[in-house]
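Note: the block below is target_16.cif and it holds mmCIF, C-alpha atoms.
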```
data_coords
loop_
_atom_site.group_PDB
_atom_site.id
_atom_site.type_symbol
_atom_site.label_atom_id
_atom_site.label_comp_id
_atom_site.auth_asym_id
_atom_site.auth_seq_id
_atom_site.Cartn_x
_atom_site.Cartn_y
_atom_site.Cartn_z
ATOM 1 C CA MET A 1 -15.729 124.018 -75.700
ATOM 2 C CA SER A 2 -14.962 124.048 -79.401
ATOM 3 C CA ALA A 3 -14.188 120.728 -81.088
ATOM 4 C CA LEU A 4 -11.159 122.465 -82.640
ATOM 5 C CA ILE A 5 -9.704 123.074 -79.192
ATOM 6 C CA ASP A 6 -10.553 119.524 -78.098
ATOM 7 C CA ASP A 7 -8.743 118.079 -81.119
ATOM 8 C CA TYR A 8 -5.679 120.207 -80.446
ATOM 9 C CA LEU A 9 -5.626 119.193 -76.756
ATOM 10 C CA ALA A 10 -5.920 115.520 -77.745
ATOM 11 C CA GLY A 11 -2.957 116.025 -80.102
ATOM 12 C CA LEU A 12 -0.886 117.577 -77.311
ATOM 13 C CA ARG A 13 -1.674 114.627 -75.021
ATOM 14 C CA ARG A 14 -0.703 112.148 -77.727
ATOM 15 C CA ARG A 15 2.650 113.785 -78.437
ATOM 16 C CA LEU A 16 3.822 114.939 -75.002
ATOM 17 C CA PRO A 17 4.133 113.427 -71.502
ATOM 18 C CA ALA A 18 1.090 114.198 -69.309
ATOM 19 C CA PRO A 19 2.560 116.978 -67.093
ATOM 20 C CA ILE A 20 3.910 118.850 -70.118
ATOM 21 C CA ALA A 21 0.731 118.397 -72.147
ATOM 22 C CA GLU A 22 -1.267 119.760 -69.182
ATOM 23 C CA GLU A 23 0.957 122.831 -68.955
ATOM 24 C CA ALA A 24 0.551 123.529 -72.680
ATOM 25 C CA ALA A 25 -3.189 122.794 -72.479
ATOM 26 C CA ALA A 26 -3.605 125.338 -69.675
ATOM 27 C CA GLY A 27 -1.860 127.878 -71.904
ATOM 28 C CA LEU A 28 -4.096 127.133 -74.879
ATOM 29 C CA LEU A 29 -7.243 127.391 -72.756
ATOM 30 C CA GLU A 30 -6.018 130.730 -71.425
ATOM 31 C CA THR A 31 -5.533 131.967 -74.994
ATOM 32 C CA TYR A 32 -8.974 130.661 -75.973
ATOM 33 C CA GLU A 33 -10.637 132.386 -73.000
ATOM 34 C CA HIS A 34 -8.878 135.608 -73.880
ATOM 35 C CA HIS A 35 -10.473 135.530 -77.342
ATOM 36 C CA LEU A 36 -13.861 134.450 -75.988
ATOM 37 C CA ALA A 37 -13.765 137.490 -73.687
ATOM 38 C CA SER A 38 -13.637 139.787 -76.715
ATOM 39 C CA ASN A 39 -17.243 138.820 -77.553
ATOM 40 C CA VAL A 40 -16.580 136.736 -80.626
ATOM 41 C CA GLY A 41 -18.315 133.412 -81.266
ATOM 42 C CA ASP A 42 -16.979 130.090 -80.066
ATOM 43 C CA TRP A 43 -15.688 129.055 -83.515
ATOM 44 C CA GLU A 44 -13.947 132.392 -84.153
ATOM 45 C CA ALA A 45 -12.393 132.350 -80.681
ATOM 46 C CA ALA A 46 -11.099 128.795 -81.201
ATOM 47 C CA HIS A 47 -9.639 129.688 -84.606
ATOM 48 C CA ALA A 48 -7.975 132.823 -83.272
ATOM 49 C CA ALA A 49 -6.608 130.946 -80.236
ATOM 50 C CA LEU A 50 -5.119 128.155 -82.348
ATOM 51 C CA ALA A 51 -3.578 130.640 -84.779
ATOM 52 C CA GLU A 52 -2.045 132.560 -81.887
ATOM 53 C CA PHE A 53 -0.880 129.460 -80.009
ATOM 54 C CA GLY A 54 0.942 127.961 -82.984
ATOM 55 C CA ASP A 55 0.841 124.829 -85.083
ATOM 56 C CA LEU A 56 0.668 121.594 -83.020
ATOM 57 C CA ALA A 57 3.736 120.032 -84.663
ATOM 58 C CA MET A 58 5.766 123.196 -84.086
ATOM 59 C CA VAL A 59 4.759 123.447 -80.409
ATOM 60 C CA ALA A 60 5.493 119.731 -79.806
ATOM 61 C CA SER A 61 8.877 120.126 -81.555
ATOM 62 C CA GLU A 62 9.712 123.115 -79.374
ATOM 63 C CA PHE A 63 9.047 121.061 -76.216
ATOM 64 C CA THR A 64 11.119 118.222 -77.700
ATOM 65 C CA ARG A 65 14.072 120.524 -78.403
ATOM 66 C CA GLN A 66 13.984 121.695 -74.778
ATOM 67 C CA ALA A 67 13.586 118.168 -73.348
ATOM 68 C CA PRO A 68 16.068 117.456 -70.518
ATOM 69 C CA GLY A 69 16.763 113.989 -71.980
ATOM 70 C CA ARG A 70 17.861 115.519 -75.273
ATOM 71 C CA ARG A 71 20.112 118.016 -73.520
ATOM 72 C CA ALA A 72 21.662 115.365 -71.236
ATOM 73 C CA ALA A 73 22.269 113.064 -74.219
ATOM 74 C CA ARG A 74 23.964 115.911 -76.115
ATOM 75 C CA LEU A 75 26.194 116.713 -73.155
ATOM 76 C CA LEU A 76 27.210 113.070 -72.709
ATOM 77 C CA LEU A 77 27.941 112.745 -76.435
ATOM 78 C CA ALA A 78 29.918 115.998 -76.497
ATOM 79 C CA THR A 79 32.097 114.981 -73.541
ATOM 80 C CA GLY A 80 32.374 111.332 -74.635
ATOM 81 C CA PRO A 81 35.384 111.859 -76.946
ATOM 82 C CA VAL A 82 37.330 113.559 -74.121
ATOM 83 C CA VAL A 83 36.650 110.671 -71.731
ATOM 84 C CA GLY A 84 37.439 108.193 -74.512
ATOM 85 C CA ALA A 85 40.709 109.944 -75.364
ATOM 86 C CA CYS A 86 41.815 109.897 -71.689
ATOM 87 C CA TRP A 87 41.120 106.168 -71.453
ATOM 88 C CA ALA A 88 42.781 105.482 -74.824
ATOM 89 C CA ALA A 89 45.936 107.295 -73.666
ATOM 90 C CA ALA A 90 45.898 105.453 -70.315
ATOM 91 C CA LEU A 91 45.347 102.029 -71.868
ATOM 92 C CA ALA A 92 47.897 102.525 -74.639
ATOM 93 C CA GLY A 93 50.471 103.877 -72.177
ATOM 94 C CA GLY A 94 49.887 100.947 -69.835
ATOM 95 C CA ARG A 95 50.049 98.404 -72.709
ATOM 96 C CA ALA A 96 46.557 97.239 -71.822
ATOM 97 C CA TRP A 97 46.610 94.504 -74.464
ATOM 98 C CA THR A 98 49.006 92.597 -72.188
ATOM 99 C CA TRP A 99 46.633 92.797 -69.184
ATOM 100 C CA PRO A 100 44.914 89.581 -68.112
ATOM 101 C CA ALA A 101 41.387 90.576 -69.200
ATOM 102 C CA PRO A 102 39.320 87.975 -71.110
ATOM 103 C CA ALA A 103 38.638 88.825 -74.762
ATOM 104 C CA THR A 104 34.903 88.227 -74.270
ATOM 105 C CA ALA A 105 34.793 90.820 -71.478
ATOM 106 C CA ARG A 106 36.560 93.372 -73.704
ATOM 107 C CA LEU A 107 34.172 92.635 -76.566
ATOM 108 C CA ALA A 108 31.120 92.841 -74.320
ATOM 109 C CA PHE A 109 32.310 96.185 -72.937
ATOM 110 C CA GLY A 110 32.772 97.553 -76.457
ATOM 111 C CA ALA A 111 29.393 96.282 -77.659
ATOM 112 C CA VAL A 112 27.513 97.741 -74.685
ATOM 113 C CA LEU A 113 29.341 101.060 -75.115
ATOM 114 C CA LEU A 114 28.438 101.175 -78.811
ATOM 115 C CA LEU A 115 24.787 100.418 -78.030
ATOM 116 C CA ALA A 116 24.683 103.137 -75.351
ATOM 117 C CA VAL A 117 26.216 105.700 -77.725
ATOM 118 C CA LEU A 118 23.699 104.833 -80.464
ATOM 119 C CA THR A 119 20.845 105.172 -77.958
ATOM 120 C CA LEU A 120 22.188 108.548 -76.836
ATOM 121 C CA LEU A 121 22.447 109.609 -80.495
ATOM 122 C CA ALA A 122 18.789 108.732 -81.027
ATOM 123 C CA ALA A 123 17.790 110.845 -77.998
ATOM 124 C CA ALA A 124 20.090 113.739 -78.890
ATOM 125 C CA THR A 125 18.894 114.059 -82.473
ATOM 126 C CA SER A 126 15.159 113.829 -81.837
ATOM 127 C CA GLN A 127 13.394 116.783 -83.449
ATOM 128 C CA HIS A 128 9.723 115.885 -83.127
ATOM 129 C CA SER A 129 9.377 112.928 -80.772
ATOM 130 C CA TYR A 130 9.513 113.760 -77.057
ATOM 131 C CA GLN A 131 9.290 110.023 -76.367
ATOM 132 C CA ARG A 132 12.582 109.456 -78.193
ATOM 133 C CA THR A 133 14.398 111.951 -75.947
ATOM 134 C CA ARG A 134 13.532 109.676 -73.018
ATOM 135 C CA LEU A 135 15.923 107.067 -74.398
ATOM 136 C CA ALA A 136 18.533 109.087 -72.517
ATOM 137 C CA MET A 137 17.032 107.611 -69.362
ATOM 138 C CA LEU A 138 18.002 104.144 -70.606
ATOM 139 C CA ALA A 139 21.454 105.041 -71.889
ATOM 140 C CA SER A 140 22.630 107.209 -68.968
ATOM 141 C CA PRO A 141 22.700 104.420 -66.324
ATOM 142 C CA VAL A 142 24.508 102.196 -68.833
ATOM 143 C CA ILE A 143 27.186 104.857 -69.336
ATOM 144 C CA LEU A 144 27.434 105.204 -65.547
ATOM 145 C CA SER A 145 27.857 101.418 -65.167
ATOM 146 C CA LEU A 146 30.504 101.344 -67.895
ATOM 147 C CA ASP A 147 32.465 104.077 -66.120
ATOM 148 C CA VAL A 148 32.292 102.150 -62.829
ATOM 149 C CA THR A 149 33.333 98.926 -64.599
ATOM 150 C CA ALA A 150 36.242 100.628 -66.370
ATOM 151 C CA ILE A 151 37.525 102.169 -63.144
ATOM 152 C CA ALA A 152 37.191 98.927 -61.157
ATOM 153 C CA ALA A 153 38.808 96.844 -63.908
ATOM 154 C CA ALA A 154 41.714 99.250 -64.391
ATOM 155 C CA LEU A 155 42.421 99.554 -60.675
ATOM 156 C CA LEU A 156 42.273 95.768 -60.192
ATOM 157 C CA ILE A 157 44.176 94.707 -63.303
ATOM 158 C CA ALA A 158 46.632 97.510 -64.096
ATOM 159 C CA PRO A 159 50.095 96.578 -62.805
ATOM 160 C CA VAL A 160 51.015 100.208 -62.037
ATOM 161 C CA LEU A 161 48.969 103.336 -61.493
ATOM 162 C CA THR A 162 50.257 105.881 -64.025
ATOM 163 C CA TRP A 163 49.237 109.542 -64.114
ATOM 164 C CA THR A 164 47.385 108.972 -67.414
ATOM 165 C CA LEU A 165 45.353 106.211 -65.772
ATOM 166 C CA GLY A 166 44.716 108.493 -62.785
ATOM 167 C CA THR A 167 43.474 111.202 -65.166
ATOM 168 C CA ALA A 168 41.142 108.748 -66.956
ATOM 169 C CA VAL A 169 39.749 107.555 -63.618
ATOM 170 C CA ALA A 170 39.215 111.153 -62.453
ATOM 171 C CA VAL A 171 37.418 112.082 -65.690
ATOM 172 C CA SER A 172 35.182 109.019 -65.395
ATOM 173 C CA VAL A 173 34.414 109.847 -61.750
ATOM 174 C CA GLY A 174 33.346 113.313 -62.927
ATOM 175 C CA ARG A 175 31.034 111.765 -65.500
ATOM 176 C CA ILE A 176 29.620 109.348 -62.921
ATOM 177 C CA ALA A 177 28.811 112.321 -60.669
ATOM 178 C CA PHE A 178 27.136 114.192 -63.548
ATOM 179 C CA THR A 179 25.090 111.169 -64.648
ATOM 180 C CA ALA A 180 24.016 110.371 -61.088
ATOM 181 C CA TRP A 181 22.930 114.006 -60.648
ATOM 182 C CA THR A 182 21.044 114.049 -63.972
ATOM 183 C CA LEU A 183 19.182 110.746 -63.701
ATOM 184 C CA PRO A 184 16.564 111.723 -61.083
ATOM 185 C CA ARG A 185 15.862 114.908 -63.069
ATOM 186 C CA LEU A 186 15.330 112.910 -66.257
ATOM 187 C CA ALA A 187 12.989 110.550 -64.460
ATOM 188 C CA ALA A 188 10.977 113.465 -63.057
ATOM 189 C CA ARG A 189 10.381 115.030 -66.492
ATOM 190 C CA MET B 1 6.871 144.392 -88.003
ATOM 191 C CA ARG B 2 7.946 141.092 -86.435
ATOM 192 C CA ALA B 3 11.547 140.790 -85.328
ATOM 193 C CA ASP B 4 13.715 138.067 -86.846
ATOM 194 C CA ALA B 5 12.850 134.941 -84.838
ATOM 195 C CA GLN B 6 16.465 133.721 -84.843
ATOM 196 C CA VAL B 7 17.734 137.021 -83.430
ATOM 197 C CA LEU B 8 15.014 136.999 -80.792
ATOM 198 C CA LYS B 9 15.833 133.430 -79.760
ATOM 199 C CA GLY B 10 19.241 134.507 -78.512
ATOM 200 C CA HIS B 11 17.596 136.934 -76.093
ATOM 201 C CA LEU B 12 14.383 135.108 -75.295
ATOM 202 C CA ASP B 13 15.466 133.851 -71.867
ATOM 203 C CA THR B 14 16.390 137.355 -70.707
ATOM 204 C CA LEU B 15 13.174 138.830 -72.088
ATOM 205 C CA LEU B 16 11.100 136.179 -70.332
ATOM 206 C CA LEU B 17 12.912 136.811 -67.049
ATOM 207 C CA ALA B 18 12.358 140.554 -67.472
ATOM 208 C CA SER B 19 8.635 140.016 -68.093
ATOM 209 C CA LEU B 20 8.399 138.320 -64.685
ATOM 210 C CA GLU B 21 10.422 140.921 -62.828
ATOM 211 C CA ASN B 22 7.423 142.782 -61.410
ATOM 212 C CA GLY B 23 5.643 139.711 -60.115
ATOM 213 C CA PRO B 24 4.149 136.341 -61.031
ATOM 214 C CA ARG B 25 2.293 135.960 -64.329
ATOM 215 C CA HIS B 26 0.425 133.341 -66.323
ATOM 216 C CA GLY B 27 1.998 132.198 -69.596
ATOM 217 C CA TYR B 28 -0.421 134.212 -71.698
ATOM 218 C CA ALA B 29 0.335 137.372 -69.707
ATOM 219 C CA VAL B 30 4.063 136.765 -70.250
ATOM 220 C CA LYS B 31 3.487 136.558 -73.996
ATOM 221 C CA GLU B 32 1.362 139.708 -73.938
ATOM 222 C CA ALA B 33 3.978 141.562 -71.887
ATOM 223 C CA LEU B 34 6.560 140.793 -74.598
ATOM 224 C CA ARG B 35 4.198 141.838 -77.381
ATOM 225 C CA VAL B 36 3.001 145.062 -75.751
ATOM 226 C CA GLY B 37 6.418 145.962 -74.332
ATOM 227 C CA SER B 38 8.049 145.614 -77.758
ATOM 228 C CA ASP B 39 5.305 147.524 -79.576
ATOM 229 C CA ALA B 40 4.257 144.225 -81.252
ATOM 230 C CA ARG B 41 7.750 143.508 -82.628
ATOM 231 C CA PHE B 42 8.084 140.388 -80.435
ATOM 232 C CA ASP B 43 4.817 138.612 -81.151
ATOM 233 C CA LEU B 44 5.717 134.974 -80.537
ATOM 234 C CA PRO B 45 3.303 132.058 -80.973
ATOM 235 C CA THR B 46 1.952 131.555 -77.431
ATOM 236 C CA GLY B 47 2.747 127.838 -77.616
ATOM 237 C CA THR B 48 6.487 128.516 -77.838
ATOM 238 C CA ILE B 49 6.505 130.473 -74.560
ATOM 239 C CA TYR B 50 5.756 127.377 -72.473
ATOM 240 C CA PRO B 51 8.750 125.233 -73.540
ATOM 241 C CA ALA B 52 11.013 128.221 -72.852
ATOM 242 C CA LEU B 53 9.445 128.794 -69.421
ATOM 243 C CA ARG B 54 9.833 125.099 -68.699
ATOM 244 C CA ARG B 55 13.521 125.246 -69.606
ATOM 245 C CA LEU B 56 14.000 128.253 -67.299
ATOM 246 C CA GLU B 57 12.189 126.330 -64.577
ATOM 247 C CA ALA B 58 14.493 123.322 -65.043
ATOM 248 C CA ALA B 59 17.454 125.707 -64.746
ATOM 249 C CA GLY B 60 16.084 126.992 -61.424
ATOM 250 C CA LEU B 61 15.521 130.524 -62.731
ATOM 251 C CA VAL B 62 11.725 130.419 -62.727
ATOM 252 C CA LYS B 63 9.255 128.659 -60.473
ATOM 253 C CA GLY B 64 5.911 127.480 -61.829
ATOM 254 C CA THR B 65 2.951 126.733 -59.562
ATOM 255 C CA TRP B 66 -0.517 125.431 -60.297
ATOM 256 C CA ALA B 67 -3.530 127.238 -58.844
ATOM 257 C CA GLU B 68 -7.271 126.710 -59.203
ATOM 258 C CA ALA B 69 -9.118 129.743 -60.552
ATOM 259 C CA GLY B 70 -12.538 129.990 -62.156
ATOM 260 C CA GLY B 71 -12.958 126.220 -62.031
ATOM 261 C CA ARG B 72 -9.796 125.686 -64.058
ATOM 262 C CA ARG B 73 -6.182 124.941 -63.213
ATOM 263 C CA ARG B 74 -3.785 127.699 -64.234
ATOM 264 C CA ARG B 75 -0.042 127.779 -64.012
ATOM 265 C CA THR B 76 1.681 130.860 -62.664
ATOM 266 C CA TYR B 77 5.358 131.613 -63.204
ATOM 267 C CA GLU B 78 7.602 133.710 -61.001
ATOM 268 C CA LEU B 79 11.290 134.523 -60.735
ATOM 269 C CA THR B 80 13.432 132.643 -58.244
ATOM 270 C CA PRO B 81 16.307 134.430 -56.464
ATOM 271 C CA ALA B 82 18.668 132.815 -59.011
ATOM 272 C CA GLY B 83 16.422 134.151 -61.798
ATOM 273 C CA ARG B 84 16.680 137.678 -60.371
ATOM 274 C CA ARG B 85 20.458 137.422 -60.199
ATOM 275 C CA ARG B 86 20.613 136.145 -63.792
ATOM 276 C CA LEU B 87 18.362 138.972 -64.983
ATOM 277 C CA ALA B 88 20.566 141.565 -63.276
ATOM 278 C CA SER B 89 23.730 140.144 -64.859
ATOM 279 C CA ASP B 90 22.073 139.815 -68.308
ATOM 280 C CA ARG B 91 20.910 143.417 -68.065
ATOM 281 C CA THR B 92 24.423 144.657 -67.270
ATOM 282 C CA ALA B 93 25.892 142.576 -70.104
ATOM 283 C CA TRP B 94 23.262 143.922 -72.529
ATOM 284 C CA ARG B 95 23.947 147.556 -71.541
ATOM 285 C CA ASP B 96 27.685 147.068 -72.078
ATOM 286 C CA PHE B 97 27.102 145.383 -75.443
ATOM 287 C CA ALA B 98 24.547 147.956 -76.620
ATOM 288 C CA SER B 99 26.737 150.913 -75.652
ATOM 289 C CA ALA B 100 29.716 149.359 -77.487
ATOM 290 C CA VAL B 101 27.639 148.807 -80.645
ATOM 291 C CA THR B 102 26.184 152.323 -80.418
ATOM 292 C CA ALA B 103 29.664 153.788 -80.033
ATOM 293 C CA ILE B 104 30.683 152.149 -83.316
ATOM 294 C CA LEU B 105 27.478 152.761 -85.280
ATOM 295 C CA GLU B 106 26.985 156.315 -84.097
ATOM 296 C CA PRO B 107 30.435 157.729 -83.327
ATOM 297 C CA ALA B 108 30.528 161.153 -81.658
ATOM 298 C CA ARG B 109 31.221 163.833 -84.277
#
```
Represent the structure contained in this file as structure tokens.
Amino acid sequence: MSALIDDYLAGLRRRLPAPIAEEAAAGLLETYEHHLASNVGDWEAAHAALAEFGDLAMVASEFTRQAPGRRAARLLLATGPVVGACWAAALAGGRAWTWPAPATARLAFGAVLLLAVLTLLAAATSQHSYQRTRLAMLASPVILSLDVTAIAAALLIAPVLTWTLGTAVAVSVGRIAFTAWTLPRLAAR
Amino acid sequence: MRADAQVLKGHLDTLLLASLENGPRHGYAVKEALRVGSDARFDLPTGTIYPALRRLEAAGLVKGTWAEAGGRRRRTYELTPAGRRRLASDRTAWRDFASAVTAILEPAR
């Protein structure tokens, strides 16, 4: 096989997870064989195949843009403000600053949330690095845990269950269900 | 002439599904079906077909399977029942859209 093809395949394996690199590699070899079958030399066939297949950076970027981690991170970030607004309304309406929750716990919750959002942002904005989209796998369980913590804390501490608090809990339950459904799919790809 | 890549992107999923309508194909055959079927207007880099097929597979519209042939592993793609339903609904939507645009661009005299 041409060294040109070998170099390209090595580049694919460096930039993409193994199952994806193998799928792209099978496609490149198919293209290469197609050109070899038209009775051109090995070098010409390799050149034609690479030109037809597309630049390595462009192909890797295309896989990155379609990465499930990137899409899940974008969805979580897009719905985040809605969930946040529901909780803000519930907490403000229930005068949450008077609830008996330690300041350190509130601060820790905020810091972990900020870190998770920044991690999701890194995954959602990745253009060229497939590896970076996998950060969604780290951030998603954290978001899930924060939702569970928020629900448990509100139900245990809130003196009365208002309809705004009920709405916030319902929205968080929806996000927990989505994240739990997404996680195994992220791990598999 | 190559079609505007941005315009094509909006319809790529439907075109890929349509290229698999008559049976399973390898990625290269899918690309060739688009090129030949469009009289070379849709001549995409082969490498961009695979991420799109992978996305359709993740959405449950296409199923990819590995098979050994000629001493090499090849991946074959085929429509799932959900893919067939999506293709049928995309086709209806396209016909409605195209006939509306034609009615405006080429009004009956």
* To do: Go ahead and compute the interatomic distance for atom CA of A:Ser140 and atom CA of A:Val117, in Å to one decimal.
  =>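 Those two atoms sit 9.6 Å apart.
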* Structure fact -> Between B:Thr76, B:Thr48, B:Ser38, B:Ser19, smallest distance to chain A by only C-alpha atoms belongs to B:Thr48
* If you apply the PyMOL selection byres ((chain A) within 9 of (chain B)) to this file, what residues do you get, as a list in words? ->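 Selected by the PyMOL selection byres ((chain A) within 9 of (chain B)) in this file: Ile20, Glu23, Ala24, Ala26, Gly27, Leu28, Glu30, Thr31, His34, Ala51, Glu52, Phe53, Gly54, Asp55, Leu56, Met58, Val59, Ala60, Glu62, Phe63, Thr64, Arg65, Gln66, Ala67, Pro68 and Arg185 of chain A.
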Save out the residues we just selected, C-alpha atoms, as an mmCIF file, in the frame of the given file.
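Saved to selection32.cif:
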```cif
data_model
loop_
_atom_site.group_PDB
_atom_site.id
_atom_site.type_symbol
_atom_site.label_atom_id
_atom_site.label_comp_id
_atom_site.auth_asym_id
_atom_site.auth_seq_id
_atom_site.Cartn_x
_atom_site.Cartn_y
_atom_site.Cartn_z
ATOM 1 C CA ILE A 20 3.910 118.850 -70.118
ATOM 2 C CA GLU A 23 0.957 122.831 -68.955
ATOM 3 C CA ALA A 24 0.551 123.529 -72.680
ATOM 4 C CA ALA A 26 -3.605 125.338 -69.675
ATOM 5 C CA GLY A 27 -1.860 127.878 -71.904
ATOM 6 C CA LEU A 28 -4.096 127.133 -74.879
ATOM 7 C CA GLU A 30 -6.018 130.730 -71.425
ATOM 8 C CA THR A 31 -5.533 131.967 -74.994
ATOM 9 C CA HIS A 34 -8.878 135.608 -73.880
ATOM 10 C CA ALA A 51 -3.578 130.640 -84.779
ATOM 11 C CA GLU A 52 -2.045 132.560 -81.887
ATOM 12 C CA PHE A 53 -0.880 129.460 -80.009
ATOM 13 C CA GLY A 54 0.942 127.961 -82.984
ATOM 14 C CA ASP A 55 0.841 124.829 -85.083
ATOM 15 C CA LEU A 56 0.668 121.594 -83.020
ATOM 16 C CA MET A 58 5.766 123.196 -84.086
ATOM 17 C CA VAL A 59 4.759 123.447 -80.409
ATOM 18 C CA ALA A 60 5.493 119.731 -79.806
ATOM 19 C CA GLU A 62 9.712 123.115 -79.374
ATOM 20 C CA PHE A 63 9.047 121.061 -76.216
ATOM 21 C CA THR A 64 11.119 118.222 -77.700
ATOM 22 C CA ARG A 65 14.072 120.524 -78.403
ATOM 23 C CA GLN A 66 13.984 121.695 -74.778
ATOM 24 C CA ALA A 67 13.586 118.168 -73.348
ATOM 25 C CA PRO A 68 16.068 117.456 -70.518
ATOM 26 C CA ARG A 185 15.862 114.908 -63.069
#
```
* To do: List the neighbours of B:Tyr77 out to 6 Å using all atoms listed in the file; skip same-chain residues closer than 3 positions along the sequence, and give me the result as a PyMOL selection string.
  => chain B and resi 24-25+63-64
* Give me the residues within 9 Å of stretch 96-113 of chain A as a list in words, counting all atoms listed in the file and dropping any in the same chain fewer than 3 places off. =>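 Final neighbour list, sorted by chain and number: Ala90, Leu91, Ala92, Gly93, Ala116, Val117, Leu118, Val142, Ile143, Leu146, Thr149, Ala150, Ala153, Ile157, Ala158 and Pro159 of chain A.
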* Distance in Å - atom CA of A:Ile5 versus atom CA of A:Tyr32 ->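 Taking atom CA of A:Ile5 and atom CA of A:Tyr32, their separation equals 8.3 Å.
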* Write out as a list in words each polymer residue whose atoms come within 6 Å of stretch 70-83 of chain A, counting all atoms listed in the file; drop sequence neighbours fewer than 3 positions from it. =>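 Contacts, in chain order: Ala67, Cys86, Leu120, Ala123, Ala124, Thr133 and Ala136 of chain A.
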* To do: Could you check how far atom CA of B:Leu8 sits from atom CA of B:Arg41, in Å to one decimal?
  =>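 So the two atoms, atom CA of B:Leu8 and atom CA of B:Arg41, lie 9.9 Å apart.
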Would you mind listing what lies within 12 Å of A:Trp163 as a PDB file with C-alpha atoms, keeping the file's coordinate frame, with all atoms listed in the file counted and same-chain residues fewer than 2 positions away left out?
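As a result, result04.pdb now contains:
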```
ATOM      1  CA  CYS A  86      41.815 109.897 -71.689  1.00  0.00           C
ATOM      2  CA  TRP A  87      41.120 106.168 -71.453  1.00  0.00           C
ATOM      3  CA  ALA A  89      45.936 107.295 -73.666  1.00  0.00           C
ATOM      4  CA  ALA A  90      45.898 105.453 -70.315  1.00  0.00           C
ATOM      5  CA  LEU A  91      45.347 102.029 -71.868  1.00  0.00           C
ATOM      6  CA  GLY A  93      50.471 103.877 -72.177  1.00  0.00           C
ATOM      7  CA  GLY A  94      49.887 100.947 -69.835  1.00  0.00           C
ATOM      8  CA  VAL A 160      51.015 100.208 -62.037  1.00  0.00           C
ATOM      9  CA  LEU A 161      48.969 103.336 -61.493  1.00  0.00           C
ATOM     10  CA  LEU A 165      45.353 106.211 -65.772  1.00  0.00           C
ATOM     11  CA  GLY A 166      44.716 108.493 -62.785  1.00  0.00           C
ATOM     12  CA  THR A 167      43.474 111.202 -65.166  1.00  0.00           C
ATOM     13  CA  ALA A 168      41.142 108.748 -66.956  1.00  0.00           C
ATOM     14  CA  VAL A 169      39.749 107.555 -63.618  1.00  0.00           C
ATOM     15  CA  ALA A 170      39.215 111.153 -62.453  1.00  0.00           C
TER      16      ALA A 170
END
```
Within 10 Å of (15.0, 126.7, -58.8), in the coordinates the file gives, what residues turn up when you count all atoms listed in the file, written out as an mmCIF file with C-alpha atoms, in the frame of the given file?
```
data_model
loop_
_atom_site.group_PDB
_atom_site.id
_atom_site.type_symbol
_atom_site.label_atom_id
_atom_site.label_comp_id
_atom_site.auth_asym_id
_atom_site.auth_seq_id
_atom_site.Cartn_x
_atom_site.Cartn_y
_atom_site.Cartn_z
ATOM 1 C CA LEU B 56 14.000 128.253 -67.299
ATOM 2 C CA GLU B 57 12.189 126.330 -64.577
ATOM 3 C CA ALA B 58 14.493 123.322 -65.043
ATOM 4 C CA ALA B 59 17.454 125.707 -64.746
ATOM 5 C CA GLY B 60 16.084 126.992 -61.424
ATOM 6 C CA LEU B 61 15.521 130.524 -62.731
ATOM 7 C CA VAL B 62 11.725 130.419 -62.727
ATOM 8 C CA LYS B 63 9.255 128.659 -60.473
ATOM 9 C CA GLY B 64 5.911 127.480 -61.829
ATOM 10 C CA LEU B 79 11.290 134.523 -60.735
ATOM 11 C CA THR B 80 13.432 132.643 -58.244
ATOM 12 C CA PRO B 81 16.307 134.430 -56.464
ATOM 13 C CA ALA B 82 18.668 132.815 -59.011
ATOM 14 C CA GLY B 83 16.422 134.151 -61.798
#
```
* To do: For stretch 88-91 of chain B, work out the shell of residues within 7 Å, counting all atoms listed in the file and skipping chain neighbours fewer than 4 positions away, then give it as a list in words.
  => Thr14, Arg84 and Arg95 of chain B
Residues matched by the PyMOL selection byres ((chain A and resi 182-184) around 10) as a PDB file with C-alpha atoms, in the frame of the given file:
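Dumped everything to part.pdb:
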```
ATOM      1  CA  PRO A  68      16.068 117.456 -70.518  1.00  0.00           C
ATOM      2  CA  GLY A  69      16.763 113.989 -71.980  1.00  0.00           C
ATOM      3  CA  ALA A  72      21.662 115.365 -71.236  1.00  0.00           C
ATOM      4  CA  ALA A 136      18.533 109.087 -72.517  1.00  0.00           C
ATOM      5  CA  MET A 137      17.032 107.611 -69.362  1.00  0.00           C
ATOM      6  CA  LEU A 138      18.002 104.144 -70.606  1.00  0.00           C
ATOM      7  CA  SER A 140      22.630 107.209 -68.968  1.00  0.00           C
ATOM      8  CA  PRO A 141      22.700 104.420 -66.324  1.00  0.00           C
ATOM      9  CA  ILE A 176      29.620 109.348 -62.921  1.00  0.00           C
ATOM     10  CA  ALA A 177      28.811 112.321 -60.669  1.00  0.00           C
ATOM     11  CA  PHE A 178      27.136 114.192 -63.548  1.00  0.00           C
ATOM     12  CA  THR A 179      25.090 111.169 -64.648  1.00  0.00           C
ATOM     13  CA  ALA A 180      24.016 110.371 -61.088  1.00  0.00           C
ATOM     14  CA  TRP A 181      22.930 114.006 -60.648  1.00  0.00           C
ATOM     15  CA  ARG A 185      15.862 114.908 -63.069  1.00  0.00           C
ATOM     16  CA  LEU A 186      15.330 112.910 -66.257  1.00  0.00           C
ATOM     17  CA  ALA A 187      12.989 110.550 -64.460  1.00  0.00           C
ATOM     18  CA  ALA A 188      10.977 113.465 -63.057  1.00  0.00           C
ATOM     19  CA  ARG A 189      10.381 115.030 -66.492  1.00  0.00           C
TER      20      ARG A 189
END
```
As lines of an AutoDock Vina configuration file, what would the box around stretch 6-18 of chain B look like: edges along x, y and z, 8 Å added on every side, centre and edge lengths in Å to one decimal?
```
center_x = 15.2
center_y = 137.0
center_z = -75.9
size_x = 24.1
size_y = 23.1
size_z = 33.8
```
